[in-house]
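Trainee: For reference, the structure I am asking about is given below.
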Amino acid sequence: MANTILKTKDVKLKYGDFEALHGIDLSFNENEITALIGPSGCGKSTFLRCLNRMNDLIDGVTITGEFDYRGKDVYAEDYDIVELRKQIGMVFQQPNPFPMSIYDNVAYGLRVAGVRDKETLDEAVQTSLKQAAIWDEVKDKLDKSALALSGGQQQRVCIARALAVSPDIILLDEPTSALDPHSSRQIEATLLQLKEKYTIITVTHNLQQAARIADRTAFFLQGDLIEADDTKNIFMNPAHKETSDFITGRFG
Amino acid sequence: MDKIRESLLKPSRTSKLERRGKLISLVSLSSICLVVIAIFIFIAFRGLATFTSDHVSLVDFVTGTVWNPDVEVNGQPLVGALPMITGSFLITILATALALPFAIGTALMMTDITPKMGTKILQPVLELLVGIPSVVYGFVGLTVVVPFIRDVFGGSGFGILAGTFVLFVMVLPTVTSMTVDALRSVPKNYRSASLALGATRWQTIYKVVLRAATPGILTAIVFGMARAFGEALAVQMVVGNAALMPSSLVAPASTLTSVLTTGIGNTVLGTVQNDALWSLALILLLMSLTFNLVIHFIAKRGELKQ
Ligand SMILES: Nc1ncnc2c1ncn2[C@@H]1O[C@H](COP(=O)(O)OP(=O)(O)OP(=O)(O)O)[C@@H](O)[C@H]1O
Ligand SMILES: [Mg+2]
């Protein structure tokens, strides 16, 4: 049986007075891909951002509940957020490369962690760009601005940027929503390879994608977690009516 | 059918209004252009008279170190503008250089470090500072800065250093608020991307925010320099107004503007003395034109990078 690496209990989140999450209990297994699915606005991104404390940056957010990452409470007073974010990397819903060269974008995380050695950086940049299925497209223009790339290419550079620091867990918020089917498939293949080494949590609106790559799937609805189970069960044999309605496309 | 045809062929009320609006803005625009062009031509005409009708050589004017238009040597008035040119540039560069670290620090307080307190306290303070008339700054400089420099460095206290301090305070709010704008225009998601990669807040500010804001900050610097270069009254009150090459930062000196404001009322139009002042004004005009061009250039470069 797989190890639980990250576990949340009764997670509630408020944006000001608006409660966006109403008590989420969810656990994630090491070296597995977990997909978060659900209709737009149900709180998937919000929940994902809790896991590496990106919601801390938003004004007026209150978060309660337990987050146990490898035996430690992520929201404990003395928890080192910088360290946490090195361990739990993130790819955002909107591509957000820095206004720098492609190389500098991918090397950024290592550089801020103090890596100076040119060879190490070169190596990491190349490997990550290959893993993100964009190496062939950018290998001749690594010194060009990342902003000159298409949206889909930018997103893959952002994936490479997150991979370069070799995190423990990778959070992805609809990583393929801006990509063509071919690149999406490449990213999916990448994720399947990466789970040998990493734990992956991904939000997706593409149910086939969840079915293809996820070991476990969690279904969110209006700030509640309806059910989380092996992907096969969710798609073939859901325990709740809402889930089967969503899967069969009756809403959302 | 005919009605629709008619209404399509006849200009409607709104299109008439639109045409009238266009006409009004066109008239205003061209009159402003006309005024600006007229000022240019006038100053150029007057300023060049020194060289055309008074036969002063341009090189002597720009490199000469003695400014004494009343005295003629070999039939040539002594109009060496180098002391004022040096004074203007020194004060401008020193004041802006001194203001820059303060401006960036304050702006970061307002955007990234304590945005709430920053906008509540610093914003109104800045706006207040912008609104204070320059004669007040000059007066404070005269009664506080000059005696202070006199006590510390000796001498009269008047000079480049006093001018630098006064202009520092005067350009600080401009440079700061423009730096704030530059920092605010850096997209939020650059910051979140950096933090999500395990960068600290300082690393994020230093490596991403300031870098992305560089074109805007450069523009702020040039604006500050333009302001400093053109400021007349406050500088004139503390700089000492001695048209000599500044031998030290605390020796009385002068700037293009200070010589202009002190001299322009005491000369008669059409004389050499008057023409020489117009030449100084021409230099000022050309400099502010240069500053404007630099700002445009930076803005263009910044756009390309996006
Ligand atoms: N910064 C914010 N401030 C206030 N409310 C927010 C904020 N971000 C999200 N919300 C609200 O929280 C709820 C959940 O939003 P969230 O972005 O997590 O949804 P989502 O499941 O990711 O949707 P999508 O699939 O469209 O990305 C929504 O009702 C949204 O309006
Ligand atoms: Mg979302």
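Residues in the structure tokens are named by chain (A, B, ... in the order shown) and by number from 1 within that chain; ligands are numbered from 1 in the order shown.
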Specify as a ChimeraX atom specification all residues of chain A found within 10 Å of chain B, counting only C-alpha atoms.
Mentor: /A:49,52-55,57,81-92,94-100,105,108-113,145-148,158,161-165,167
Trainee: Can you pull out the residues contacting stretch 118-125 of chain B? Cut-off 9 Å, using only C-alpha atoms, and skip same-chain residues under 2 positions away; I want them as a list in words.
Mentor: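 Using only C-alpha atoms, the neighbours found are Thr106, Ala107, Leu108, Met109, Met110, Thr111, Ile113, Thr114, Pro115, Lys116, Glu127, Leu128, Leu129, Val130, Pro173 and Ser177 of chain B.
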Trainee: Name the residues in contact with stretch 33-47 of chain A at a cut-off of 6 Å, using only C-alpha atoms, excluding same-chain residues fewer than 2 positions from it; report them as a list in words.
Mentor: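 Residues near the query, excluding close chain neighbours: Arg49, Cys50, Ile200, Ile201, Thr202, Val203, Thr204, Ala210, Ala214, Asp215, Arg216, Thr217, Ala218, Phe219, Phe220, Leu221, Gln222, Gly223 and Gly252 of chain A.
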Trainee: So that I can check the surroundings of stretch 134-149 of chain B, please list as JSON, numbers by chain every protein, DNA and RNA residue that reaches within 8 Å of it, counting only C-alpha atoms and ignoring chain neighbours fewer than 5 positions away.
Mentor: {"B": [154, 156, 157, 158, 162, 165, 166, 170, 233, 234, 235, 236, 237, 238, 250]}
Trainee: Identify which of the residues A:Gln126, A:Tyr15, A:His22, A:Phe28 lies closest to A:Ala2, counting only C-alpha atoms when measuring atom-to-atom distances.
Mentor: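 With only C-alpha atoms as the atom set, the closest residue is A:Phe28.
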